[in-house]
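Participant: One structure follows; several queries about it will come next.
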Amino acid sequence: MSIPQDLLYTKSHEWVRVEGDSVVIGITHYAQDQLGEVVFVELPAVGDAVEAGEEMGTLESVKAVSEILAPLSGEVIEANEALEDSPDLVNKSPFDEGWLVKIKGSVEGMDLLDPQSYATLLEAEQH
Amino acid sequence: MHPWIGAGSQDRQDLLHELGLETIDQLFARLPESVCIDRLDLPPAQDETSLRRAFFDLGLNTTTAARKPSFLGAGVYNHIRPAAVDAVLSRAEFFTSYTPYQPEISQGTLQALFEFQTLMTRLTGMKVSNASLYDGATALVEAVLFAFRVLRLKRPRVVIADTVHPIYRSVLETYADPTGLEIVTVPAGPDGRLDIEALEAAITDNTCCVAVQSPNFLGVVEDLTVVAQAAHRVGALAVHVVTEALSMALLKAGGHFDFDVVCGEAQSFGVAPGYGGPHLGFFTCKEKTIRQMPGRLCGETLDSEGNRAFCLTLSTREQHIRRAKATSNICTNQGMMALAATVWLEAIGGAGLRRLAEDNLSRAHELARRLVDEDTGWRLAFPDSPFFNEFLIQGPIGGAETARKAAEAGILAGIPVARWSTKWPDGLLVAVTEHNSSADLDALIEVLAHTTHHQSATRPNTP
């Protein structure tokens with residue numbers, strides 16, 4: 001399972017990339033692998049306020065629907081519109097083209113994992 | 001306790017003990033005294049033969065639309081039911097597995113539901129249909145909740161025409177309060193049609209849904225061309241409610257006017273007009289909002305050998321999978337009645353359906369014309385408004401009294417709207433279907449004319 005070193009992670013398998021005063025959010029390679037083929041992505045609208053730890057959207061695979069939890073509080077400034085027609089980008093390119101939303105806000109004080117801790121978490125989950 | 005044999009006295013004691021109670025009465029102590037009865041004053045038990053006779057006798061005192069000329073409508077219509085409908089329904093393969101909880105093993109049921117969906121999309125002009133809902137009233141409620149969800153639960157205002165069936169509106173009120181919806185009712189104009197200016201004025205950017213019925217509760221056909229535009233101007237969803245599904249064979253439904261939902265009641269399609277149901281709700285919408293659609297949805301697929309097969313699809317939205325986070329609390333459908341509608345529509349066919357609708361229209365218009373031309377003393381409440389097979393009439397005496405007098409003469413003359421409509425309290429709502437022969441029309445005209453003449457005879461003459 002690939003775990004890029006320049007990202008932060010949540011225990012619920014979202015990744016976070018800090019870009020100035022905003023962050024880009026997606027789900028990890030492990031998360032998309034667990035979900036299976038993603039067929040629909042429901043994202044918050046631009047301008048929506050999201051709350052850390054709360055549901056901000058859903059990912060629907062052929063097996064189930066799972067919630068996307070917001071890793072931080074803030075305002076949604078961009079949503080990945082490409083996912084509307086190509087939800088499978090989440091499977092094909094979870095860390096790049098399959099990103100979900102961009103949120104204006106700070107990760108300061110948030111309960112996020114560095115790549116190493118996330119790797120440890122994955123190892124624990126896989127056993 | 002046994003899973004399907006009822007609780008015995010020891011079981012009951014155990015259950016009460018578990019609840020920390022001593023008597024059954026303590027369990028029901030919360031019920032207000034006014035709704036409690038001491039005991040049922042029932043006659044002694046009878047043998048099966050006597051009981052059958054007693055109920056048969058009771059049945060003879062009941063007037064039904066099958067025995068008397070009936071002009072009752074108002075959301076329930078008396079249409080022909082070819083014998084093929086019940087013959088197919090009562091086949092054990094359908095009857096015992098009427099709702100597919102382990103769906104893919106019931107390919108026949110799924111195919112019937114798939115055909116039902118196909119038929120409903122063709123009638124409504126919409127892209128997708130679910131596999132049915134309980135009835136028209138809950139279909140309207142689901143449409144409103146659907147619109148609320150599509151707009152992310154942010155717009156609580158619901159604008160609805162007051163000519164939507166009053167019972168449907170009352171069911172909506174029941175749901176609205178706990179959901180936090182604000183219902184705004186737009187009154188009809190003096191012609192019984194939607195007041196478009198009033199409608200537009202009521203729609204705000206806080207509105208999630210604009211709902212109109214056509215033909216409306218008073219029988220009048222609404223101008224649907226502008227409703228969806230008015231709703232879309234603020235980004236709200238437009239809902240077309242239908243209570244007489246047969247009308248869609250002649251009149252263009254909301255799908256042709258960019259409505260977001262066409263829903264309602266399809267009892268007209270092969271479901272007998274029974275008091276208390278069962279009825280048949282339907283729900284159709286655009287493809288882009290399919291994931292917010294309530295209820296079951298049948299899809300077409302290929303099996304492992306590449307043969308055409310049917311499956312339940314998008315079940316991930318549903319309650320049995322998503323629990324509390326389900327799209328809607330509806331996780332079943334009205335399977336038997338959807339099958340009845342499918343058999344009915346397929347037995348009658350496309351051209352037959354249109355002929356049937358034309359027949360209804362011409363009989364209803366003939367009755368309306370004769371009521372006016374033959375000097376019965378009765379008039380159309382909305383003489384200049386278009387109607388399909390139902391219309392409101394007003395005469396020298398009130399609708400309720402007229403209906404009672406007509407019933408004495410052996411005719412079910414119509415539904416008095418007094419209990420719902422304050423604007424036309426004396427009106428009588430008259431529906432005409434293919435069951436109403438020329439002799440039925442003659443009989444109704446005679447009864448109505450009689451009420452007029454009887455009335456003028458008892459009135460003192462005025463110069």
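Ligands are numbered from 1 in the order shown, chains are lettered A, B, ... in the order of the structure tokens, and residues start at 1 in each chain.
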Provide as a list in words the residues of chain A at most 12 Å from chain B, counting only C-alpha atoms.
Facilitator: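 Within 12 Å of chain B on chain A, we get Val39, Phe40, Val41, Glu42, Leu43, Pro44, Ala45, Asp48, Glu55, Met56, Gly57, Thr58, Leu59, Glu60, Ser61, Val62, Lys63, Ala64, Val65, Ser66, Glu67, Glu84 and Asp85 of chain A.
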Participant: From a DSSP calculation on the backbone, collect every residue of chain A in helix (DSSP H, G or I) and output the set as a PyMOL selection string.
Facilitator: chain A and resi 29-35+82-85+89-92+115-126
Participant: Could you turn the residues from that selection into a file that holds N, CA and C atoms, as a PDB file, in the first residue's frame?
Facilitator:
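Dumped to again_15.pdb:
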ATOM      1  N   HIS A  29      -5.105   5.143  -0.530  1.00  0.00           N
ATOM      2  CA  HIS A  29      -5.070   3.952  -1.379  1.00  0.00           C
ATOM      3  C   HIS A  29      -5.732   2.777  -0.659  1.00  0.00           C
ATOM      4  N   TYR A  30      -5.417   2.651   0.626  1.00  0.00           N
ATOM      5  CA  TYR A  30      -5.985   1.574   1.434  1.00  0.00           C
ATOM      6  C   TYR A  30      -7.521   1.703   1.480  1.00  0.00           C
ATOM      7  N   ALA A  31      -8.015   2.949   1.691  1.00  0.00           N
ATOM      8  CA  ALA A  31      -9.462   3.175   1.803  1.00  0.00           C
ATOM      9  C   ALA A  31     -10.173   2.781   0.511  1.00  0.00           C
ATOM     10  N   GLN A  32      -9.631   3.203  -0.635  1.00  0.00           N
ATOM     11  CA  GLN A  32     -10.304   2.887  -1.900  1.00  0.00           C
ATOM     12  C   GLN A  32     -10.266   1.390  -2.174  1.00  0.00           C
ATOM     13  N   ASP A  33      -9.180   0.738  -1.719  1.00  0.00           N
ATOM     14  CA  ASP A  33      -9.061  -0.703  -1.914  1.00  0.00           C
ATOM     15  C   ASP A  33     -10.111  -1.443  -1.083  1.00  0.00           C
ATOM     16  N   GLN A  34     -10.349  -0.948   0.135  1.00  0.00           N
ATOM     17  CA  GLN A  34     -11.358  -1.549   1.010  1.00  0.00           C
ATOM     18  C   GLN A  34     -12.773  -1.349   0.465  1.00  0.00           C
ATOM     19  N   LEU A  35     -13.003  -0.148  -0.108  1.00  0.00           N
ATOM     20  CA  LEU A  35     -14.338   0.176  -0.620  1.00  0.00           C
ATOM     21  C   LEU A  35     -14.712  -0.646  -1.850  1.00  0.00           C
ATOM     22  N   ALA A  82     -14.590  16.593 -11.531  1.00  0.00           N
ATOM     23  CA  ALA A  82     -14.307  15.472 -12.438  1.00  0.00           C
ATOM     24  C   ALA A  82     -14.905  14.170 -11.905  1.00  0.00           C
ATOM     25  N   LEU A  83     -15.101  14.111 -10.580  1.00  0.00           N
ATOM     26  CA  LEU A  83     -15.608  12.863  -9.979  1.00  0.00           C
ATOM     27  C   LEU A  83     -17.065  12.611 -10.336  1.00  0.00           C
ATOM     28  N   GLU A  84     -17.763  13.665 -10.734  1.00  0.00           N
ATOM     29  CA  GLU A  84     -19.173  13.523 -11.097  1.00  0.00           C
ATOM     30  C   GLU A  84     -19.334  12.515 -12.243  1.00  0.00           C
ATOM     31  N   ASP A  85     -18.476  12.680 -13.259  1.00  0.00           N
ATOM     32  CA  ASP A  85     -18.550  11.762 -14.405  1.00  0.00           C
ATOM     33  C   ASP A  85     -17.604  10.577 -14.271  1.00  0.00           C
ATOM     34  N   LEU A  89     -11.942   7.670 -10.607  1.00  0.00           N
ATOM     35  CA  LEU A  89     -10.654   8.327 -10.357  1.00  0.00           C
ATOM     36  C   LEU A  89     -10.211   8.101  -8.917  1.00  0.00           C
ATOM     37  N   VAL A  90     -11.180   7.958  -8.015  1.00  0.00           N
ATOM     38  CA  VAL A  90     -10.862   7.707  -6.607  1.00  0.00           C
ATOM     39  C   VAL A  90     -10.102   6.386  -6.473  1.00  0.00           C
ATOM     40  N   ASN A  91     -10.447   5.411  -7.313  1.00  0.00           N
ATOM     41  CA  ASN A  91      -9.743   4.128  -7.291  1.00  0.00           C
ATOM     42  C   ASN A  91      -8.412   4.204  -8.038  1.00  0.00           C
ATOM     43  N   LYS A  92      -8.464   4.854  -9.210  1.00  0.00           N
ATOM     44  CA  LYS A  92      -7.296   4.841 -10.095  1.00  0.00           C
ATOM     45  C   LYS A  92      -6.173   5.724  -9.585  1.00  0.00           C
ATOM     46  N   PRO A 115       2.974  10.139   8.102  1.00  0.00           N
ATOM     47  CA  PRO A 115       2.984   8.913   7.282  1.00  0.00           C
ATOM     48  C   PRO A 115       3.397   7.675   8.072  1.00  0.00           C
ATOM     49  N   GLN A 116       4.348   7.843   8.976  1.00  0.00           N
ATOM     50  CA  GLN A 116       4.837   6.686   9.713  1.00  0.00           C
ATOM     51  C   GLN A 116       3.763   6.121  10.647  1.00  0.00           C
ATOM     52  N   SER A 117       3.082   7.036  11.364  1.00  0.00           N
ATOM     53  CA  SER A 117       2.027   6.571  12.278  1.00  0.00           C
ATOM     54  C   SER A 117       0.900   5.923  11.491  1.00  0.00           C
ATOM     55  N   TYR A 118       0.616   6.496  10.291  1.00  0.00           N
ATOM     56  CA  TYR A 118      -0.462   5.919   9.475  1.00  0.00           C
ATOM     57  C   TYR A 118      -0.076   4.515   9.023  1.00  0.00           C
ATOM     58  N   ALA A 119       1.189   4.340   8.675  1.00  0.00           N
ATOM     59  CA  ALA A 119       1.664   3.013   8.263  1.00  0.00           C
ATOM     60  C   ALA A 119       1.485   2.014   9.400  1.00  0.00           C
ATOM     61  N   THR A 120       1.757   2.464  10.619  1.00  0.00           N
ATOM     62  CA  THR A 120       1.592   1.595  11.791  1.00  0.00           C
ATOM     63  C   THR A 120       0.119   1.218  11.969  1.00  0.00           C
ATOM     64  N   LEU A 121      -0.745   2.240  11.765  1.00  0.00           N
ATOM     65  CA  LEU A 121      -2.193   1.998  11.887  1.00  0.00           C
ATOM     66  C   LEU A 121      -2.650   0.946  10.880  1.00  0.00           C
ATOM     67  N   LEU A 122      -2.178   1.095   9.635  1.00  0.00           N
ATOM     68  CA  LEU A 122      -2.564   0.148   8.586  1.00  0.00           C
ATOM     69  C   LEU A 122      -2.105  -1.262   8.932  1.00  0.00           C
ATOM     70  N   GLU A 123      -0.892  -1.326   9.433  1.00  0.00           N
ATOM     71  CA  GLU A 123      -0.351  -2.637   9.786  1.00  0.00           C
ATOM     72  C   GLU A 123      -1.236  -3.297  10.841  1.00  0.00           C
ATOM     73  N   ALA A 124      -1.634  -2.482  11.823  1.00  0.00           N
ATOM     74  CA  ALA A 124      -2.489  -3.009  12.892  1.00  0.00           C
ATOM     75  C   ALA A 124      -3.829  -3.467  12.321  1.00  0.00           C
ATOM     76  N   GLU A 125      -4.392  -2.678  11.378  1.00  0.00           N
ATOM     77  CA  GLU A 125      -5.712  -3.014  10.820  1.00  0.00           C
ATOM     78  C   GLU A 125      -5.666  -4.269   9.970  1.00  0.00           C
ATOM     79  N   GLN A 126      -4.504  -4.485   9.347  1.00  0.00           N
ATOM     80  CA  GLN A 126      -4.420  -5.625   8.436  1.00  0.00           C
ATOM     81  C   GLN A 126      -4.185  -6.938   9.159  1.00  0.00           C
TER      82      GLN A 126
END
Participant: So that I can see what lies close to Phe387 (chain B), please list as a PDB file with N, CA and C atoms, in the first residue's frame the residues with an atom at most 10 Å from it, counting only C-alpha atoms and leaving out residues fewer than 2 positions away in the same chain.
Facilitator:
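Contents of result_35.pdb, as written:
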ATOM      1  N   SER B 214     -52.303  18.123 -11.324  1.00  0.00           N
ATOM      2  CA  SER B 214     -53.090  18.327 -12.542  1.00  0.00           C
ATOM      3  C   SER B 214     -53.396  16.980 -13.183  1.00  0.00           C
ATOM      4  N   PRO B 215     -54.668  16.742 -13.525  1.00  0.00           N
ATOM      5  CA  PRO B 215     -55.838  17.524 -13.177  1.00  0.00           C
ATOM      6  C   PRO B 215     -55.920  17.687 -11.665  1.00  0.00           C
ATOM      7  N   ASN B 216     -56.340  18.868 -11.204  1.00  0.00           N
ATOM      8  CA  ASN B 216     -56.279  19.134  -9.777  1.00  0.00           C
ATOM      9  C   ASN B 216     -57.479  18.525  -9.052  1.00  0.00           C
ATOM     10  N   LEU B 218     -60.120  19.668  -8.015  1.00  0.00           N
ATOM     11  CA  LEU B 218     -61.433  20.101  -8.491  1.00  0.00           C
ATOM     12  C   LEU B 218     -61.666  19.652  -9.935  1.00  0.00           C
ATOM     13  N   GLY B 219     -60.759  18.831 -10.443  1.00  0.00           N
ATOM     14  CA  GLY B 219     -60.903  18.288 -11.793  1.00  0.00           C
ATOM     15  C   GLY B 219     -60.275  19.132 -12.879  1.00  0.00           C
ATOM     16  N   VAL B 220     -59.845  20.343 -12.525  1.00  0.00           N
ATOM     17  CA  VAL B 220     -59.368  21.288 -13.535  1.00  0.00           C
ATOM     18  C   VAL B 220     -57.936  20.951 -13.976  1.00  0.00           C
ATOM     19  N   VAL B 221     -57.701  21.049 -15.273  1.00  0.00           N
ATOM     20  CA  VAL B 221     -56.360  20.817 -15.826  1.00  0.00           C
ATOM     21  C   VAL B 221     -55.552  22.107 -15.681  1.00  0.00           C
ATOM     22  N   GLU B 222     -54.400  22.001 -15.036  1.00  0.00           N
ATOM     23  CA  GLU B 222     -53.560  23.179 -14.804  1.00  0.00           C
ATOM     24  C   GLU B 222     -52.659  23.455 -16.010  1.00  0.00           C
ATOM     25  N   SER B 247     -55.272  10.082 -16.838  1.00  0.00           N
ATOM     26  CA  SER B 247     -55.182  11.371 -17.535  1.00  0.00           C
ATOM     27  C   SER B 247     -53.881  11.489 -18.326  1.00  0.00           C
ATOM     28  N   LEU B 361     -62.991  11.132 -21.291  1.00  0.00           N
ATOM     29  CA  LEU B 361     -63.101  12.563 -21.569  1.00  0.00           C
ATOM     30  C   LEU B 361     -64.438  12.876 -22.240  1.00  0.00           C
ATOM     31  N   ALA B 364     -67.463  12.424 -19.863  1.00  0.00           N
ATOM     32  CA  ALA B 364     -67.515  13.476 -18.840  1.00  0.00           C
ATOM     33  C   ALA B 364     -67.996  14.785 -19.453  1.00  0.00           C
ATOM     34  N   HIS B 365     -67.494  15.084 -20.662  1.00  0.00           N
ATOM     35  CA  HIS B 365     -67.885  16.333 -21.298  1.00  0.00           C
ATOM     36  C   HIS B 365     -69.339  16.286 -21.764  1.00  0.00           C
ATOM     37  N   PHE B 382     -66.658  25.826 -12.854  1.00  0.00           N
ATOM     38  CA  PHE B 382     -65.603  26.488 -13.643  1.00  0.00           C
ATOM     39  C   PHE B 382     -65.863  26.257 -15.128  1.00  0.00           C
ATOM     40  N   PRO B 383     -66.859  26.954 -15.683  1.00  0.00           N
ATOM     41  CA  PRO B 383     -67.302  26.653 -17.043  1.00  0.00           C
ATOM     42  C   PRO B 383     -66.219  26.870 -18.105  1.00  0.00           C
ATOM     43  N   ASP B 384     -65.246  27.724 -17.819  1.00  0.00           N
ATOM     44  CA  ASP B 384     -64.247  28.019 -18.848  1.00  0.00           C
ATOM     45  C   ASP B 384     -62.925  27.287 -18.638  1.00  0.00           C
ATOM     46  N   SER B 385     -62.872  26.447 -17.614  1.00  0.00           N
ATOM     47  CA  SER B 385     -61.609  25.761 -17.330  1.00  0.00           C
ATOM     48  C   SER B 385     -61.640  24.348 -17.907  1.00  0.00           C
ATOM     49  N   ASN B 389     -61.840  13.969 -16.739  1.00  0.00           N
ATOM     50  CA  ASN B 389     -63.031  13.143 -16.517  1.00  0.00           C
ATOM     51  C   ASN B 389     -63.739  13.471 -15.217  1.00  0.00           C
ATOM     52  N   GLU B 390     -63.457  14.661 -14.668  1.00  0.00           N
ATOM     53  CA  GLU B 390     -64.040  15.021 -13.381  1.00  0.00           C
ATOM     54  C   GLU B 390     -64.249  16.531 -13.328  1.00  0.00           C
ATOM     55  N   PHE B 391     -65.339  16.959 -12.708  1.00  0.00           N
ATOM     56  CA  PHE B 391     -65.603  18.400 -12.624  1.00  0.00           C
ATOM     57  C   PHE B 391     -66.500  18.711 -11.438  1.00  0.00           C
ATOM     58  N   LEU B 392     -66.450  19.974 -11.008  1.00  0.00           N
ATOM     59  CA  LEU B 392     -67.226  20.414  -9.850  1.00  0.00           C
ATOM     60  C   LEU B 392     -68.511  21.087 -10.335  1.00  0.00           C
TER      61      LEU B 392
END
Participant: Got a sec: who's within 6 Å of region 50-53 of chain A, counting only C-alpha atoms, leaving out chain neighbours fewer than 5 positions off, as a PyMOL selection string?
Facilitator: chain A and resi 69-74
Participant: Show which residues sit within 8 Å of region 369-378 of chain B, as a CSV table (one decimal) with N, CA and C atoms, in the first residue's frame. Count only C-alpha atoms, and ignore same-chain residues fewer than 3 positions away.
Facilitator:
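File written: around-v8.csv
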chain,number,residue,atom,x,y,z
B,365,HIS,N,-67.5,15.1,-20.7
B,365,HIS,CA,-67.9,16.3,-21.3
B,365,HIS,C,-69.3,16.3,-21.8
B,366,GLU,N,-69.8,15.1,-22.1
B,366,GLU,CA,-71.2,15.0,-22.5
B,366,GLU,C,-72.1,15.3,-21.3
B,393,ILE,N,-69.6,20.7,-9.7
B,393,ILE,CA,-70.9,21.3,-10.1
B,393,ILE,C,-71.5,22.0,-8.9
B,394,GLN,N,-72.4,23.0,-9.2
B,394,GLN,CA,-73.1,23.7,-8.1
B,394,GLN,C,-74.5,23.8,-8.5
B,395,GLY,N,-75.4,23.7,-7.5
B,395,GLY,CA,-76.9,23.7,-7.8
B,395,GLY,C,-77.7,24.4,-6.8
B,396,PRO,N,-79.0,24.2,-6.8
B,396,PRO,CA,-79.8,24.8,-5.9
B,396,PRO,C,-79.7,24.4,-4.4
B,445,ILE,N,-78.8,12.8,-14.3
B,445,ILE,CA,-79.4,14.1,-14.7
B,445,ILE,C,-80.8,14.2,-14.2
B,448,LEU,N,-80.6,15.0,-10.4
B,448,LEU,CA,-80.2,16.4,-10.1
B,448,LEU,C,-81.3,17.3,-10.5
B,449,ALA,N,-81.9,17.1,-11.6
B,449,ALA,CA,-83.0,18.0,-12.0
B,449,ALA,C,-84.2,17.9,-11.0
B,450,HIS,N,-84.4,16.7,-10.5
B,450,HIS,CA,-85.4,16.5,-9.5
B,450,HIS,C,-85.2,17.4,-8.2
B,452,THR,N,-83.7,20.1,-8.1
B,452,THR,CA,-84.0,21.5,-8.4
B,452,THR,C,-85.5,21.8,-8.4
Participant: Using only C-alpha atoms, which residue out of B:Pro156, B:Pro69, B:Gly349, B:Gly299 lies closest to Cys208 (chain B)?
Facilitator: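 Smallest distance to Cys208 (chain B) is found for B:Pro156.
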Participant: To one decimal in Å, tell me the separation between CA of Tyr9 (chain A) and CA of Leu112 (chain A).
Facilitator: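 Straight-line distance from CA of Tyr9 (chain A) to CA of Leu112 (chain A) works out to 5.5 Å.
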Participant: Could you tell me, as a PyMOL selection string, which residues of region 18-85 of chain A DSSP assigns to strand (DSSP E or B) when given the backbone?
Facilitator: chain A and resi 18-19+22-27+38-42+49-50+55-61+65-69+74-79
Participant: May I ask for the distance between CA of Lys252 (chain B) and CA of Val164 (chain B), given in Å to one decimal place?
Facilitator: 17.8 Å
Participant: Which residues come within 12 Å of Phe95 (chain B), counting only C-alpha atoms, excluding same-chain residues fewer than 3 positions away, as a list in words?
Facilitator: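 So the residues in contact are Asp86, Ala87, Val88, Leu89, Ser90, Arg91, Ala92, Tyr98, Thr99, Pro100, Ser106, Gly108, Thr109, Gly335, Met336, Met337, Leu339 and Ala340 of chain B.
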Participant: Skip region 12-14 of chain B itself and residues of its chain fewer than 4 positions away, then list as a ChimeraX atom specification all residues within 12 Å of it, counting only C-alpha atoms.
Facilitator: /B:1,6-8,18-24,27
Participant: Which residue gives the smallest distance to Gly98 (chain A) among A:Ile27, A:Leu113, A:Val18, A:Ile68, with only C-alpha atoms counted?
Facilitator: A:Ile27
Participant: Between CA of Ala211 (chain B) and CA of Glu287 (chain B), what is the spacing in Å?
Facilitator: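 Computing it gives 19.4 Å between the two atoms.
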